$ cat start_17.txt   # compact mmCIF, C-alpha atoms
# COMPACT_ATOMS: atom_id res chain seq x y z
CA MET A 123 126.10 -169.44 -127.98
CA THR A 124 124.11 -166.25 -128.43
CA GLY A 125 125.66 -162.84 -127.77
CA ALA A 126 129.14 -164.18 -128.43
CA ASN A 127 130.98 -161.16 -129.82
CA SER A 128 131.70 -159.31 -126.57
CA GLY A 129 131.73 -159.51 -122.79
CA ILE A 130 130.82 -162.76 -121.05
CA GLY A 131 129.75 -164.37 -124.32
CA LYS A 132 133.06 -163.79 -126.05
CA GLU A 133 135.10 -164.97 -123.07
CA THR A 134 132.92 -168.07 -122.68
CA ALA A 135 133.36 -168.86 -126.37
CA ALA A 136 137.12 -168.41 -126.01
CA GLY A 137 137.25 -170.59 -122.91
CA LEU A 138 135.37 -173.42 -124.60
CA ALA A 139 137.50 -173.13 -127.75
CA GLU A 140 140.61 -173.45 -125.59
CA LEU A 141 139.14 -176.69 -124.20
CA GLY A 142 138.85 -178.06 -127.74
CA ALA A 143 135.14 -177.56 -128.34
CA THR A 144 133.69 -176.67 -131.72
CA VAL A 145 132.14 -173.28 -131.00
CA VAL A 146 129.35 -171.68 -133.00
CA MET A 147 129.10 -167.98 -132.17
CA VAL A 148 125.78 -166.22 -132.72
CA CYS A 149 126.11 -162.47 -133.22
CA ARG A 150 123.89 -159.72 -134.60
CA ASN A 151 126.55 -157.69 -136.42
CA ARG A 152 128.77 -159.40 -139.02
CA GLU A 153 131.74 -157.04 -138.69
CA ARG A 154 131.92 -157.29 -134.90
CA GLY A 155 131.24 -161.01 -135.04
CA GLU A 156 134.03 -161.68 -137.51
CA ALA A 157 136.47 -159.58 -135.47
CA ALA A 158 135.57 -161.50 -132.30
CA MET A 159 135.86 -164.84 -134.11
CA ALA A 160 139.31 -163.97 -135.44
CA ASP A 161 140.46 -162.94 -131.96
CA ILE A 162 139.12 -166.14 -130.37
CA ARG A 163 140.78 -168.30 -133.02
CA LYS A 164 144.07 -166.53 -132.43
CA ARG A 165 143.89 -166.76 -128.64
CA SER A 166 142.72 -170.38 -128.51
CA GLY A 167 144.74 -171.71 -131.43
CA SER A 168 141.55 -173.37 -132.68
CA ASP A 169 140.05 -173.13 -136.16
CA SER A 170 136.85 -174.81 -134.95
CA VAL A 171 135.10 -171.51 -134.29
CA GLU A 172 132.21 -170.51 -136.54
CA LEU A 173 129.94 -167.49 -136.88
CA LEU A 174 126.19 -167.34 -137.49
CA LEU A 175 124.18 -164.13 -137.63
CA ALA A 176 120.84 -163.49 -135.95
CA ASN A 177 118.84 -160.62 -134.52
CA LEU A 178 117.04 -161.77 -131.39
CA ALA A 179 114.60 -158.88 -131.74
CA SER A 180 113.05 -160.83 -134.63
CA PHE A 181 111.44 -164.26 -134.36
CA GLU A 182 111.90 -164.68 -138.11
CA SER A 183 115.65 -164.22 -137.65
CA VAL A 184 115.70 -166.72 -134.76
CA ARG A 185 113.89 -169.31 -136.88
CA ALA A 186 116.33 -168.72 -139.75
CA LEU A 187 119.22 -169.18 -137.30
CA ALA A 188 117.86 -172.52 -136.09
CA ASN A 189 117.32 -173.72 -139.66
CA GLU A 190 120.83 -172.68 -140.68
CA PHE A 191 122.38 -174.46 -137.71
CA LEU A 192 120.36 -177.63 -138.30
CA GLY A 193 121.40 -177.56 -141.95
CA LYS A 194 125.09 -177.42 -141.06
CA HIS A 195 125.37 -179.61 -137.96
CA ASP A 196 124.10 -183.07 -137.06
CA ALA A 197 125.00 -182.86 -133.36
CA MET A 198 124.75 -180.32 -130.55
CA HIS A 199 126.01 -180.93 -127.03
CA VAL A 200 125.78 -177.46 -125.46
CA LEU A 201 123.42 -174.53 -126.01
CA ILE A 202 124.24 -171.32 -124.13
CA ASN A 203 121.54 -168.64 -124.13
CA ASN A 204 123.56 -165.57 -123.24
CA ALA A 205 122.52 -162.54 -125.32
CA GLY A 206 120.73 -159.73 -123.54
CA VAL A 207 119.71 -156.11 -123.79
CA VAL A 208 118.63 -153.38 -121.40
CA ALA A 209 116.11 -150.87 -122.74
CA VAL A 210 115.93 -147.60 -120.80
CA ARG A 211 112.67 -146.63 -122.49
CA ARG A 212 109.91 -149.03 -123.41
CA SER A 213 110.04 -150.11 -127.05
CA VAL A 214 108.63 -152.97 -129.07
CA THR A 215 110.22 -155.28 -131.63
CA VAL A 216 109.08 -156.00 -135.17
CA ASP A 217 106.99 -158.79 -133.65
CA GLY A 218 105.18 -156.33 -131.40
CA PHE A 219 106.64 -157.48 -128.08
CA GLU A 220 108.46 -155.44 -125.44
CA THR A 221 112.13 -155.45 -126.42
CA THR A 222 113.82 -156.64 -123.21
CA LEU A 223 111.35 -159.49 -122.79
CA GLN A 224 111.81 -160.70 -126.36
CA VAL A 225 115.60 -160.40 -126.65
CA ASP A 226 116.49 -161.64 -123.16
CA TYR A 227 113.85 -164.34 -122.83
CA LEU A 228 111.29 -165.06 -125.56
CA SER A 229 113.78 -165.49 -128.41
CA HIS A 230 115.83 -167.88 -126.28
CA PHE A 231 112.66 -169.80 -125.42
CA LEU A 232 111.97 -170.09 -129.16
CA LEU A 233 115.53 -170.98 -130.16
CA THR A 234 115.84 -173.64 -127.45
CA ASN A 235 112.61 -175.32 -128.50
CA LEU A 236 113.58 -175.25 -132.18
CA LEU A 237 116.88 -177.00 -131.35
CA LEU A 238 115.49 -179.34 -128.72
CA GLY A 239 115.13 -182.31 -131.05
CA LEU A 240 118.81 -182.18 -131.98
CA LEU A 241 119.85 -181.71 -128.35
CA LYS A 242 117.90 -184.84 -127.40
CA ARG A 243 119.43 -186.85 -130.24
CA SER A 244 122.90 -185.64 -129.18
CA ALA A 245 122.44 -186.51 -125.50
CA PRO A 246 124.15 -186.22 -123.13
CA SER A 247 123.78 -182.52 -123.78
CA ARG A 248 123.37 -179.32 -121.79
CA ILE A 249 121.34 -176.12 -121.97
CA ILE A 250 122.67 -173.13 -120.04
CA ASN A 251 120.70 -169.93 -119.50
CA VAL A 252 122.67 -166.87 -118.43
CA SER A 253 120.36 -165.13 -115.98
CA SER A 254 121.26 -162.63 -113.26
CA ALA A 255 120.96 -161.97 -109.56
CA SER A 256 118.62 -159.21 -110.71
CA HIS A 257 115.94 -161.88 -110.94
CA TYR A 258 115.59 -161.72 -107.13
CA GLY A 259 113.89 -158.36 -107.59
CA GLY A 260 111.76 -159.54 -110.48
CA HIS A 261 108.03 -160.22 -110.50
CA LEU A 262 105.94 -161.74 -113.28
CA ASN A 263 102.50 -160.38 -113.98
CA LEU A 264 101.15 -162.65 -116.70
CA GLU A 265 98.33 -160.18 -117.28
CA ASP A 266 100.85 -157.53 -118.32
CA LEU A 267 104.03 -159.26 -119.50
CA GLN A 268 104.46 -156.42 -122.00
CA MET A 269 104.66 -153.84 -119.20
CA LYS A 270 102.27 -151.52 -120.99
CA LYS A 271 101.08 -149.99 -117.74
CA ARG A 272 104.17 -149.35 -115.62
CA TYR A 273 107.45 -149.76 -117.45
CA GLY A 274 110.77 -149.39 -115.66
CA VAL A 275 114.20 -150.33 -116.98
CA MET A 276 115.17 -152.47 -113.98
CA LYS A 277 111.67 -153.89 -113.62
CA ALA A 278 111.82 -155.05 -117.23
CA TYR A 279 115.32 -156.50 -116.91
CA SER A 280 114.60 -158.27 -113.60
CA ARG A 281 111.35 -159.68 -114.98
CA ALA A 282 113.10 -161.11 -118.04
CA LYS A 283 115.81 -162.69 -115.89
CA LEU A 284 113.19 -164.21 -113.59
CA ALA A 285 111.44 -165.61 -116.67
CA GLN A 286 114.72 -167.29 -117.64
CA VAL A 287 114.94 -169.01 -114.24
CA LEU A 288 111.31 -170.16 -114.36
CA PHE A 289 111.91 -171.42 -117.92
CA THR A 290 114.98 -173.33 -116.74
CA TYR A 291 113.06 -175.14 -114.02
CA GLU A 292 110.04 -175.94 -116.19
CA LEU A 293 112.19 -177.18 -119.07
CA SER A 294 114.21 -179.39 -116.74
CA ARG A 295 110.96 -181.03 -115.60
CA ARG A 296 109.86 -181.57 -119.19
CA LEU A 297 113.25 -183.07 -120.16
CA GLU A 298 113.47 -185.53 -117.28
CA GLY A 299 114.96 -188.81 -118.49
CA THR A 300 116.13 -187.46 -121.88
CA GLY A 301 119.81 -186.97 -121.03
CA VAL A 302 119.49 -183.20 -121.59
CA THR A 303 120.27 -181.04 -118.55
CA VAL A 304 119.14 -177.44 -118.06
CA ASN A 305 120.72 -174.99 -115.63
CA CYS A 306 120.88 -171.23 -115.19
CA LEU A 307 123.39 -168.90 -113.59
CA HIS A 308 124.37 -165.50 -112.32
CA PRO A 309 127.76 -164.61 -113.88
CA GLY A 310 128.60 -162.05 -111.22
CA ALA A 311 128.63 -158.27 -111.42
CA VAL A 312 130.56 -158.06 -114.67
CA ALA A 313 131.85 -155.06 -116.62
CA THR A 314 130.21 -155.62 -120.02
CA ASN A 315 128.76 -153.42 -122.76
CA ILE A 316 125.14 -154.23 -121.94
CA TRP A 317 124.77 -151.31 -119.55
CA LYS A 318 127.11 -148.90 -121.33
CA THR A 319 125.24 -149.22 -124.64
CA SER A 320 121.79 -149.10 -123.06
CA LEU A 321 121.99 -146.17 -120.67
CA GLY A 322 121.95 -143.43 -123.30
CA PRO A 323 122.93 -140.10 -121.76
CA PHE A 324 123.83 -141.93 -118.52
CA ALA A 325 126.39 -144.19 -120.23
CA PHE A 326 129.15 -142.56 -118.18
CA LEU A 327 127.80 -144.49 -115.17
CA GLY A 328 128.72 -147.70 -116.96
CA ASN A 329 132.28 -146.46 -117.36
CA VAL A 330 132.56 -145.53 -113.68
CA SER A 331 131.06 -148.86 -112.53
CA ARG A 332 133.69 -150.81 -114.45
CA LEU A 333 136.20 -149.83 -111.78
CA PHE A 334 134.33 -152.03 -109.27
CA LEU A 335 133.12 -154.95 -111.40
CA LEU A 336 134.48 -158.34 -112.43
CA SER A 337 136.21 -158.78 -115.76
CA PRO A 338 134.28 -160.58 -118.52
CA LYS A 339 136.80 -163.42 -118.25
CA ALA A 340 135.91 -163.89 -114.59
CA GLY A 341 132.23 -163.71 -115.46
CA ALA A 342 132.71 -166.50 -118.01
CA GLU A 343 134.01 -168.97 -115.42
CA THR A 344 130.58 -170.24 -114.37
CA PRO A 345 129.12 -170.75 -117.88
CA VAL A 346 132.34 -172.51 -118.98
CA TYR A 347 132.11 -174.69 -115.86
CA LEU A 348 128.46 -175.61 -116.52
CA ALA A 349 129.21 -176.34 -120.17
CA SER A 350 132.23 -178.55 -119.61
CA SER A 351 132.68 -179.88 -116.09
CA ALA A 352 132.05 -183.56 -115.32
CA GLU A 353 130.95 -182.44 -111.84
CA VAL A 354 127.64 -181.16 -113.24
CA GLU A 355 127.12 -183.69 -116.01
CA VAL A 356 123.84 -184.94 -114.56
CA VAL A 357 122.86 -181.87 -112.52
CA THR A 358 119.71 -180.21 -113.85
CA GLY A 359 117.13 -177.61 -112.88
CA LYS A 360 119.51 -175.59 -110.70
CA TYR A 361 120.67 -171.98 -110.30
CA PHE A 362 124.42 -171.34 -110.00
CA ASP A 363 126.58 -168.46 -108.84
CA SER A 364 130.41 -168.60 -108.74
CA LYS A 365 130.30 -172.25 -109.88
CA ARG A 366 128.21 -173.20 -106.86
CA GLU A 367 124.55 -174.13 -106.63
CA ARG A 368 122.46 -171.42 -104.94
CA LYS A 369 118.83 -170.86 -104.05
CA SER A 370 117.04 -168.60 -106.50
CA SER A 371 114.15 -166.30 -105.60
CA ALA A 372 111.04 -167.65 -103.87
CA GLU A 373 108.88 -166.77 -106.88
CA SER A 374 111.15 -168.76 -109.21
CA TYR A 375 110.07 -172.01 -107.50
CA ASP A 376 106.38 -171.46 -108.26
CA GLY A 377 105.71 -174.47 -110.48
CA GLU A 378 102.23 -173.31 -111.51
CA LEU A 379 103.59 -169.90 -112.52
CA ALA A 380 106.33 -171.62 -114.56
CA ARG A 381 103.74 -173.78 -116.32
CA ARG A 382 101.53 -170.80 -117.12
CA LEU A 383 104.56 -168.82 -118.34
CA TRP A 384 105.45 -171.72 -120.65
CA VAL A 385 101.96 -171.75 -122.16
CA GLU A 386 101.99 -167.98 -122.68
CA SER A 387 105.54 -168.05 -124.10
CA ALA A 388 104.56 -170.76 -126.58
CA ARG A 389 101.57 -168.70 -127.65
CA MET A 390 103.65 -165.55 -128.10
CA THR A 391 106.37 -167.30 -130.12
CA GLY A 392 103.99 -169.35 -132.27
CA LEU A 393 104.97 -172.74 -130.86
CA PRO A 394 102.62 -175.57 -129.89
CA VAL A 395 101.77 -175.34 -126.20
CA ASP A 396 102.90 -178.95 -125.66
$ encode --input "start_17.txt" --output "structure tokens"
Amino acid sequence: MTGANSGIGKETAAGLAELGATVVMVCRNRERGEAAMADIRKRSGSDSVELLLANLASFESVRALANEFLGKHDAMHVLINNAGVVAVRRSVTVDGFETTLQVDYLSHFLLTNLLLGLLKRSAPSRIINVSSASHYGGHLNLEDLQMKKRYGVMKAYSRAKLAQVLFTYELSRRLEGTGVTVNCLHPGAVATNIWKTSLGPFAFLGNVSRLFLLSPKAGAETPVYLASSAEVEVVTGKYFDSKRERKSSAESYDGELARRLWVESARMTGLPVD
């Protein structure tokens, strides 16, 4: 699981550890990751919780993460793509891509594809993409995925979350008959650090909003459900909210757009188109 040291990610990791799963936490910062791992081990009573480091703003780091995991593990039954960032001002990563797009979507596209062989060999297995209801307001312009012309913080975030839903549906079509399911979800309006750490001088708004939002533990209920419940063992290519299947945005069901996004994502991450 990516983004596992705080918020929804940490609570999902804890919930799965409590169910007896071997959990591999992916975090960017070693100190925060080790503190979260120690807390999860204590709360769950499980020693089967590991930590790997990766910076999703770097494709090189994502590739190193995949190689390290493949070198340590010969099976993988659940991959949860959870990490995310919100960038108030447009910035680019070391790879030259707009930050929100790369961290929230492109790096997960790359990581999933790098681990896909192991997921297939480990089937039945599940891929879970943590999206957001924000995707309903998203729109993909494949001619300007980098948002060089008109950048906006919510436009960038909603676009990345829509890309996750389109990726989910396209990947589920490509994995038909393999025993690997792919679903995405909205965790609810959750009080996490993603907004507080990204709003700069407006961070106080994140503190105020916490009074009206779900706890991270409540937000983790749907990803834990999708990762573990027998009820969804063979369900694939769906969008969930509050542990129930929902309709996603009209644009998310555009199969041709999903196919074109896949081709462009493969090109941007250096993967073969097919």
$ atom_distance --input "start_17.txt" --atom1 "CA of Gln268 (chain A)" --atom2 "CA of Glu220 (chain A)"
5.4 Å
$ residues_near_point --input "start_17.txt" --point "(115.4, -170.0, -135.7)" --cutoff "9 Å" --atoms "all atoms listed in the file" --output "list in words"
Ala176, Phe181, Glu182, Ser183, Val184, Arg185, Ala186, Leu187, Ala188, Asn189, Glu190, Phe191, Ser229, Leu232, Leu233, Leu236 and Leu237 of chain A
$ residues_around --input "start_17.txt" --residues "Leu348 (chain A)" --least-positions-apart "6" --cutoff "8 Å" --atoms "only C-alpha atoms" --output "MDAnalysis selection string"
chainID A and resid 250 305 354 365
$ residues_around --input "start_17.txt" --residues "Val356 (chain A)" --least-positions-apart "2" --cutoff "10 Å" --atoms "all atoms listed in the file" --output "ChimeraX atom specification"
/A:246-248,301-304,352-354,358
$ closest_residue --input "start_17.txt" --among "A:Phe362, A:Trp384, A:Tyr347, A:Phe289" --to "Leu307 (chain A)" --atoms "all atoms listed in the file"
A:Phe362
